[in-house]
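What follows is one structure encoded as structure tokens, with my remarks underneath.
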Amino acid sequence: MEQSVETLSPDPDPESRVDETRTRILQAAAQVFAEQGYARATTRALAAAAGVNEVTLFRHFGSKKNLFAAVIEAYAAPAMTSAMEARLTGDYRQDLLVMGEQVMKVMLERRDAVRLMLCEADHFPELREVLAQNPRQLPQALAGYLRQQQDLGWVRPGHPEAMAQAFWGMFFAYAISLGILAEPVSPELSTEAIITQFVDIFVQGTANRT
């Protein structure tokens, strides 16, 4: 029997199918790594969760380490940095609120995965390499912003990288602690109130009032 034209027609957009497969693998891997940790997540399990075979997984990423790095890159700093920078206006306190809201949102959504990855990194040197690269992008983005604000005279002199680390550290520590402590540090405060308080503490310590 003669085959239909549709059956014989080539894929009109093969690159799109490749992107879809890659995205599906990344999404499935993020879930598997969060649930099982890096060590226990086998490439077979990662491939099965994505609905592909191991050959396809290796063709896209080469190794489990590379896949882990791609997950971190796809779901962490770059997307957050772009989303934040698009909303900045130059108003110091308001910009910090935007940054704090974005970081807190992502950290709370992914705190279990981040905690697992940090714990696993103690045992696997290759994970330390991956984790060391990506988180730097967020403090670096804020450090660049703080440097600009210093040049404009809105922020007092200081080391921008150290100041940025102090800012991110408040949100990071709070989000991670929610998965460790029996109850929130300040159960009477909403997440929005926590963000505002952190930002106000930082602004009071860094804004140039002269």
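Residue numbering restarts at 1 for every chain of the structure tokens, chains are lettered A, B, ... in their displayed order, and ligands are numbered from 1 as they appear.
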Contacts of Leu97 in chain A within 12 Å, only C-alpha atoms, excl. fewer than 4 positions in-chain, as a PyMOL selection string: chain A and resi 84+87-93+101-105+167+171+192-203
